[in-house]
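Reproduced below: work_30.cif, with mmCIF, C-alpha atoms, pLDDT in the B column; chains and numbers go by the auth columns.
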data_protein
#
loop_
_atom_site.group_PDB
_atom_site.id
_atom_site.type_symbol
_atom_site.label_atom_id
_atom_site.label_comp_id
_atom_site.label_asym_id
_atom_site.label_seq_id
_atom_site.Cartn_x
_atom_site.Cartn_y
_atom_site.Cartn_z
_atom_site.B_iso_or_equiv
_atom_site.auth_seq_id
_atom_site.auth_asym_id
ATOM 1 C CA MET A 1 -0.604 21.561 15.212 41.00 95 A
ATOM 2 C CA GLY A 2 1.420 24.115 13.194 41.00 96 A
ATOM 3 C CA ARG A 3 -0.064 27.132 11.539 41.00 97 A
ATOM 4 C CA MET A 4 -0.518 26.837 7.805 43.00 98 A
ATOM 5 C CA THR A 5 1.170 29.668 5.961 47.00 99 A
ATOM 6 C CA GLN A 6 -0.793 31.542 3.365 55.00 100 A
ATOM 7 C CA PRO A 7 0.184 30.419 -0.147 56.00 101 A
ATOM 8 C CA GLN A 8 1.366 32.975 -2.615 65.00 102 A
ATOM 9 C CA PRO A 9 -1.379 33.920 -5.073 65.00 103 A
ATOM 10 C CA ALA A 10 -1.318 32.334 -8.521 66.00 104 A
ATOM 11 C CA LEU A 11 0.518 34.435 -11.073 72.00 105 A
ATOM 12 C CA PRO A 12 -1.606 36.375 -13.595 71.00 106 A
ATOM 13 C CA PRO A 13 -0.753 36.080 -17.299 75.00 107 A
ATOM 14 C CA PRO A 14 2.600 37.751 -18.100 80.00 108 A
ATOM 15 C CA GLN A 15 2.338 41.350 -19.314 81.00 109 A
ATOM 16 C CA LEU A 16 4.664 43.861 -20.928 85.00 110 A
ATOM 17 C CA GLY A 17 6.181 46.314 -18.456 87.00 111 A
ATOM 18 C CA GLN A 18 5.964 43.782 -15.598 92.00 112 A
ATOM 19 C CA PRO A 19 8.777 41.683 -14.085 92.00 113 A
ATOM 20 C CA CYS A 20 9.132 38.321 -15.794 93.00 114 A
ATOM 21 C CA PHE A 21 7.747 35.408 -13.785 91.00 115 A
ATOM 22 C CA CYS A 22 10.809 33.253 -14.443 94.00 116 A
ATOM 23 C CA GLY A 23 12.675 34.960 -11.599 91.00 117 A
ATOM 24 C CA SER A 24 15.334 36.642 -13.754 93.00 118 A
ATOM 25 C CA SER A 25 14.602 40.137 -12.324 90.00 119 A
ATOM 26 C CA ARG A 26 14.170 41.485 -15.875 94.00 120 A
ATOM 27 C CA LEU A 27 11.035 42.833 -17.523 94.00 121 A
ATOM 28 C CA PHE A 28 8.919 40.288 -19.406 95.00 122 A
ATOM 29 C CA GLU A 29 9.600 41.964 -22.788 95.00 123 A
ATOM 30 C CA GLN A 30 13.377 41.821 -22.156 95.00 124 A
ATOM 31 C CA CYS A 31 13.303 38.234 -20.941 96.00 125 A
ATOM 32 C CA CYS A 32 10.851 35.478 -21.896 96.00 126 A
ATOM 33 C CA GLU A 33 8.448 37.337 -24.198 96.00 127 A
ATOM 34 C CA PRO A 34 10.773 37.275 -27.281 97.00 128 A
ATOM 35 C CA LEU A 35 11.247 33.530 -26.783 97.00 129 A
ATOM 36 C CA LEU A 36 7.533 32.806 -26.390 96.00 130 A
ATOM 37 C CA ALA A 37 6.797 34.972 -29.443 96.00 131 A
ATOM 38 C CA GLY A 38 9.411 33.085 -31.480 95.00 132 A
ATOM 39 C CA ARG A 39 11.560 36.165 -32.203 96.00 133 A
ATOM 40 C CA ARG A 40 14.661 34.519 -30.742 95.00 134 A
ATOM 41 C CA ALA A 41 15.802 31.176 -29.361 96.00 135 A
ATOM 42 C CA ALA A 42 17.027 30.529 -25.837 97.00 136 A
ATOM 43 C CA ALA A 43 20.785 31.031 -25.512 97.00 137 A
ATOM 44 C CA THR A 44 21.158 28.472 -22.693 97.00 138 A
ATOM 45 C CA ALA A 45 19.298 25.511 -21.232 98.00 139 A
ATOM 46 C CA GLU A 46 18.527 27.592 -18.139 97.00 140 A
ATOM 47 C CA GLU A 47 17.012 30.374 -20.238 97.00 141 A
ATOM 48 C CA LEU A 48 14.837 27.796 -22.014 98.00 142 A
ATOM 49 C CA MET A 49 13.766 26.284 -18.679 97.00 143 A
ATOM 50 C CA ARG A 50 12.830 29.712 -17.352 97.00 144 A
ATOM 51 C CA SER A 51 10.853 30.503 -20.510 97.00 145 A
ATOM 52 C CA ARG A 52 9.044 27.162 -20.245 97.00 146 A
ATOM 53 C CA PHE A 53 7.971 28.076 -16.688 96.00 147 A
ATOM 54 C CA THR A 54 6.655 31.404 -18.008 96.00 148 A
ATOM 55 C CA ALA A 55 4.849 29.491 -20.781 95.00 149 A
ATOM 56 C CA HIS A 56 3.205 27.322 -18.118 93.00 150 A
ATOM 57 C CA VAL A 57 2.051 30.483 -16.303 92.00 151 A
ATOM 58 C CA ALA A 58 0.734 31.906 -19.602 91.00 152 A
ATOM 59 C CA ASN A 59 -0.797 28.527 -20.549 90.00 153 A
ATOM 60 C CA ASP A 60 1.135 28.750 -23.843 92.00 154 A
ATOM 61 C CA GLN A 61 0.835 25.089 -24.798 93.00 155 A
ATOM 62 C CA ALA A 62 2.152 25.728 -28.327 94.00 156 A
ATOM 63 C CA TYR A 63 5.484 27.019 -26.940 96.00 157 A
ATOM 64 C CA LEU A 64 5.754 24.065 -24.565 96.00 158 A
ATOM 65 C CA HIS A 65 5.114 21.728 -27.527 96.00 159 A
ATOM 66 C CA ARG A 66 7.738 23.281 -29.797 96.00 160 A
ATOM 67 C CA THR A 67 10.418 23.378 -27.056 97.00 161 A
ATOM 68 C CA HIS A 68 9.928 19.748 -25.946 97.00 162 A
ATOM 69 C CA ARG A 69 12.352 17.492 -27.791 97.00 163 A
ATOM 70 C CA PRO A 70 9.940 14.569 -28.369 95.00 164 A
ATOM 71 C CA THR A 71 7.275 16.870 -29.901 95.00 165 A
ATOM 72 C CA ALA A 72 9.257 19.794 -31.365 95.00 166 A
ATOM 73 C CA HIS A 73 9.263 18.320 -34.899 94.00 167 A
ATOM 74 C CA LEU A 74 5.529 17.466 -34.849 95.00 168 A
ATOM 75 C CA PRO A 75 2.662 19.807 -35.781 94.00 169 A
ATOM 76 C CA TYR A 76 0.968 21.343 -32.755 93.00 170 A
ATOM 77 C CA VAL A 77 -2.641 20.358 -32.136 92.00 171 A
ATOM 78 C CA ALA A 78 -4.373 22.344 -29.407 89.00 172 A
ATOM 79 C CA GLU A 79 -6.067 20.368 -26.657 85.00 173 A
ATOM 80 C CA PRO A 80 -8.326 21.761 -23.929 81.00 174 A
ATOM 81 C CA ASP A 81 -6.532 22.370 -20.627 71.00 175 A
ATOM 82 C CA LEU A 82 -9.001 20.916 -18.155 71.00 176 A
ATOM 83 C CA ASN A 83 -7.065 21.587 -14.944 76.00 177 A
ATOM 84 C CA PRO A 84 -4.771 24.604 -15.255 79.00 178 A
ATOM 85 C CA ILE A 85 -2.176 24.775 -12.503 87.00 179 A
ATOM 86 C CA SER A 86 -1.880 27.962 -10.436 90.00 180 A
ATOM 87 C CA TRP A 87 1.889 28.523 -10.636 92.00 181 A
ATOM 88 C CA THR A 88 3.315 30.937 -8.065 92.00 182 A
ATOM 89 C CA ARG A 89 7.107 31.118 -8.503 94.00 183 A
ATOM 90 C CA LEU A 90 10.275 29.494 -9.786 96.00 184 A
ATOM 91 C CA VAL A 91 13.639 28.899 -8.103 95.00 185 A
ATOM 92 C CA VAL A 92 16.566 27.681 -10.216 96.00 186 A
ATOM 93 C CA HIS A 93 19.090 25.828 -8.052 95.00 187 A
ATOM 94 C CA ALA A 94 21.723 24.905 -10.641 95.00 188 A
ATOM 95 C CA HIS A 95 22.590 24.953 -14.354 96.00 189 A
ATOM 96 C CA GLU A 96 25.236 22.371 -15.185 96.00 190 A
ATOM 97 C CA PRO A 97 26.904 21.426 -18.447 95.00 191 A
ATOM 98 C CA GLY A 98 26.354 17.879 -19.636 95.00 192 A
ATOM 99 C CA PRO A 99 28.953 15.378 -20.801 94.00 193 A
ATOM 100 C CA ARG A 100 28.699 16.841 -24.325 95.00 194 A
ATOM 101 C CA PRO A 101 28.660 20.522 -25.396 93.00 195 A
ATOM 102 C CA ASP A 102 25.072 20.274 -26.675 97.00 196 A
ATOM 103 C CA MET A 103 23.690 18.877 -23.433 97.00 197 A
ATOM 104 C CA ALA A 104 22.928 20.520 -20.076 98.00 198 A
ATOM 105 C CA TYR A 105 21.006 20.012 -16.852 97.00 199 A
ATOM 106 C CA VAL A 106 18.864 22.466 -14.875 97.00 200 A
ATOM 107 C CA ASP A 107 17.853 21.767 -11.283 96.00 201 A
ATOM 108 C CA PHE A 108 14.825 23.780 -10.149 96.00 202 A
ATOM 109 C CA SER A 109 11.737 24.045 -7.957 95.00 203 A
ATOM 110 C CA ALA A 110 8.493 25.287 -9.515 95.00 204 A
ATOM 111 C CA PHE A 111 5.848 26.258 -6.959 94.00 205 A
ATOM 112 C CA PHE A 112 2.088 26.095 -7.353 93.00 206 A
ATOM 113 C CA ALA A 113 -0.884 26.737 -5.093 91.00 207 A
ATOM 114 C CA ASP A 114 -4.120 24.885 -4.493 89.00 208 A
ATOM 115 C CA GLU A 115 -6.753 24.888 -1.764 87.00 209 A
ATOM 116 C CA GLU A 116 -4.309 23.107 0.600 89.00 210 A
ATOM 117 C CA GLY A 117 -1.499 25.663 0.222 90.00 211 A
ATOM 118 C CA GLU A 118 1.698 26.058 -1.786 92.00 212 A
ATOM 119 C CA HIS A 119 3.581 23.018 -3.089 93.00 213 A
ATOM 120 C CA ALA A 120 6.827 22.514 -5.005 93.00 214 A
ATOM 121 C CA VAL A 121 7.658 20.424 -8.023 93.00 215 A
ATOM 122 C CA GLN A 122 11.384 19.708 -7.715 95.00 216 A
ATOM 123 C CA GLU A 123 13.160 18.421 -10.769 95.00 217 A
ATOM 124 C CA LYS A 124 16.499 18.073 -12.471 96.00 218 A
ATOM 125 C CA SER A 125 15.873 18.267 -16.219 97.00 219 A
ATOM 126 C CA GLU A 126 17.980 17.315 -19.211 97.00 220 A
ATOM 127 C CA PHE A 127 18.228 19.657 -22.207 98.00 221 A
ATOM 128 C CA HIS A 128 19.733 19.136 -25.655 98.00 222 A
ATOM 129 C CA ARG A 129 20.771 21.660 -28.287 97.00 223 A
ATOM 130 C CA VAL A 130 19.449 20.403 -31.631 97.00 224 A
ATOM 131 C CA ASP A 131 20.219 22.372 -34.795 95.00 225 A
ATOM 132 C CA GLY A 132 21.295 25.315 -32.627 94.00 226 A
ATOM 133 C CA ARG A 133 18.081 25.340 -30.508 96.00 227 A
ATOM 134 C CA TRP A 134 17.861 24.243 -26.880 98.00 228 A
ATOM 135 C CA LEU A 135 15.031 21.756 -26.235 98.00 229 A
ATOM 136 C CA TYR A 136 13.716 20.224 -23.024 98.00 230 A
ATOM 137 C CA SER A 137 14.290 16.459 -23.163 97.00 231 A
ATOM 138 C CA HIS A 138 13.084 14.885 -19.921 96.00 232 A
ATOM 139 C CA ALA A 139 13.342 14.835 -16.137 94.00 233 A
ATOM 140 C CA VAL A 140 16.364 12.915 -14.888 94.00 234 A
ATOM 141 C CA ARG A 141 15.288 13.301 -11.252 89.00 235 A
ATOM 142 C CA THR A 142 12.110 14.394 -9.522 85.00 236 A
ATOM 143 C CA GLY A 143 12.164 15.372 -5.891 79.00 237 A
ATOM 144 C CA PRO A 144 14.935 17.020 -3.911 73.00 238 A
ATOM 145 C CA ALA A 145 18.581 16.430 -4.697 68.00 239 A
ATOM 146 C CA PRO A 146 20.160 13.520 -2.832 67.00 240 A
ATOM 147 C CA PHE A 147 21.904 14.403 0.421 62.00 241 A
ATOM 148 C CA LYS A 148 25.687 14.613 0.121 65.00 242 A
ATOM 149 C CA SER A 149 27.675 14.292 3.313 62.00 243 A
ATOM 150 C CA ALA A 150 30.145 17.104 3.935 67.00 244 A
ATOM 151 C CA THR A 151 32.524 14.759 5.745 70.00 245 A
ATOM 152 C CA PRO A 152 34.454 12.095 3.842 76.00 246 A
ATOM 153 C CA LYS A 153 34.008 8.425 4.760 79.00 247 A
ATOM 154 C CA PRO A 154 36.853 7.012 6.829 78.00 248 A
ATOM 155 C CA GLY A 155 39.242 4.661 5.100 81.00 249 A
ATOM 156 C CA ARG A 156 39.652 1.070 6.350 80.00 250 A
ATOM 157 C CA ASN A 157 42.959 1.870 8.061 86.00 251 A
ATOM 158 C CA ASP A 158 41.927 5.285 9.436 82.00 252 A
ATOM 159 C CA PRO A 159 41.181 5.728 13.138 84.00 253 A
ATOM 160 C CA CYS A 160 37.551 4.886 13.838 82.00 254 A
ATOM 161 C CA PRO A 161 35.389 8.042 14.058 79.00 255 A
ATOM 162 C CA CYS A 162 33.657 6.640 17.168 81.00 256 A
ATOM 163 C CA GLY A 163 36.790 7.456 19.192 78.00 257 A
ATOM 164 C CA SER A 164 37.617 3.889 20.270 83.00 258 A
ATOM 165 C CA GLY A 165 41.257 4.245 19.214 83.00 259 A
ATOM 166 C CA LYS A 166 40.958 1.202 16.944 85.00 260 A
ATOM 167 C CA LYS A 167 41.289 1.177 13.188 83.00 261 A
ATOM 168 C CA TYR A 168 37.944 1.664 11.432 81.00 262 A
ATOM 169 C CA LYS A 169 38.153 -1.849 9.878 82.00 263 A
ATOM 170 C CA HIS A 170 38.473 -3.463 13.332 85.00 264 A
ATOM 171 C CA CYS A 171 35.735 -1.366 14.924 86.00 265 A
ATOM 172 C CA CYS A 172 32.616 0.147 13.361 83.00 266 A
ATOM 173 C CA LEU A 173 33.245 -1.156 9.819 79.00 267 A
ATOM 174 C CA ALA A 174 33.348 -4.710 11.207 72.00 268 A
ATOM 175 C CA LYS A 175 30.064 -4.072 13.092 70.00 269 A
ATOM 176 C CA THR A 176 28.274 -3.025 9.876 66.00 270 A
ATOM 177 C CA GLY A 177 29.394 -6.164 8.053 62.00 271 A
ATOM 178 C CA GLY A 178 31.762 -4.210 5.769 59.00 272 A
ATOM 179 C CA THR A 179 34.939 -5.882 4.600 53.00 273 A
#

How would this structure read if it were set down as structure tokens?
Amino acid sequence: MGRMTQPQPALPPPQLGQPCFCGSSRLFEQCCEPLLAGRRAAATAEELMRSRFTAHVANDQAYLHRTHRPTAHLPYVAEPDLNPISWTRLVVHAHEPGPRPDMAYVDFSAFFADEEGEHAVQEKSEFHRVDGRWLYSHAVRTGPAPFKSATPKPGRNDPCPCGSGKKYKHCCLAKTGGT
């Protein structure tokens, strides 16, 4: 049985003069604090995603409400947070433009700890810029990114990769029922 690694401790509330929890390597007051305080809007979908992680750490439900596309136009009504999550860190894997200029995707892993150890929430999220403001729309994928093979598939008339010397269509493709 493998040894369980010690989880990272849950992050304390963000504070001025401390590194921002979003992983940007900048101080909180130079990074997510102006966004959470409403003094400026996120310049990119990734910046909004990072600030939303920091808002989760800070339990700033009002910020999460006003930066979520389905609720951004509705008045915020506070609800008790019965089970706060102990977030530990964020890793952004990719920030990709969408098919339109006001759309983007952010692929990330947000880590949290509980009594069983550290766990990851992996997600690819869709963001939209509405009236000049980036808003989180929804998750387009949860879990790790699909595996992409580094080697291209052989063509029907290519030599079979098994080394038989036959064409792929007369060898392994025929065995798999491919036509």

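Between atom CA of A:Trp181 and atom CA of A:Glu212 lies a distance of 9.2 Å.
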
Using only C-alpha atoms, the shortest atom-to-atom distance to A:Val234 among A:Glu220, A:Asp196, A:Glu209, A:Asp154 belongs to A:Glu220

For the PyMOL selection byres ((chain A and resi 109) around 12), applied here, can you spell out every residue it catches as a list in words?
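When the PyMOL selection byres ((chain A and resi 109) around 12) is applied to the shown file, the picked residues are Leu105, Pro106, Pro107, Pro108, Leu110, Gly111, Gln112, Pro113, Cys114, Phe115, Leu121, Phe122, Glu123, Gln124, Cys125, Cys126, Glu127, Thr148, Val151 and Ala152 of chain A.
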
Correct to one decimal, the distance atom CA of A:Tyr170-atom CA of A:Gln216 is 27.2 Å

Margin query: For a test of reading the model, state the distance in Å between atom CA of A:His167 and atom CA of A:Glu190, rounded to one decimal.
Written below: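 Answer for the atom CA of A:His167 to atom CA of A:Glu190 separation: 25.7 Å.
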
Taking the file as shown, find all residues satisfying the PyMOL selection byres ((chain A and resi 228) around 12) and write them as a count of residues only.
-> 34

Looking at A:Pro164, A:Gly257, A:Gly237, A:Pro246, which one is nearest to A:Ser203, with distances taken over only C-alpha atoms?
->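 Result for the nearest residue to A:Ser203: A:Gly237.
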
Using all atoms of stretch 246-263 of chain A that appear in the file, construct an axis-aligned enclosing box with 6 Å of padding on every side and provide its centre coordinates and edge lengths in Å, rounded to one decimal, as AutoDock Vina command-line options.
--center_x 38.3 --center_y 5.1 --center_z 12.1 --size_x 21.3 --size_y 25.9 --size_z 28.4

Applying 12 Å and only C-alpha atoms, which residues near A:Glu173 remain after dropping the ones on its own chain fewer than 5 positions away? List them as an NGL selection string. :A and (153-156 or 159)

(Q) Calculated over all atoms listed in the file, which of the candidates A:Ala207, A:Ile179, A:Val186, A:Val215 has the smallest distance to A:Thr236? (A)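 Checking each candidate against A:Thr236, we get A:Val215 as the closest.
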
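The smallest atom-to-atom distance between A:Asn177 and any of A:Phe147, A:Thr165, A:Asp208, A:Leu158, using only C-alpha atoms, is found for A:Asp208.
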
Q: Can you give me, as a list in words, the residues this file yields under the PyMOL selection byres ((chain A and resi 247-250) around 7)?
A: Thr245, Pro246, Asn251, Asp252, Tyr262 and Lys263 of chain A

Quiz item: Smallest atom-to-atom distance to A:Val185: which of A:Leu168, A:Leu267, A:Ala149, A:Ala214, using all atoms listed in the file?
Solution: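 Ranking A:Leu168, A:Leu267, A:Ala149, A:Ala214 by distance to A:Val185, first place goes to A:Ala214.
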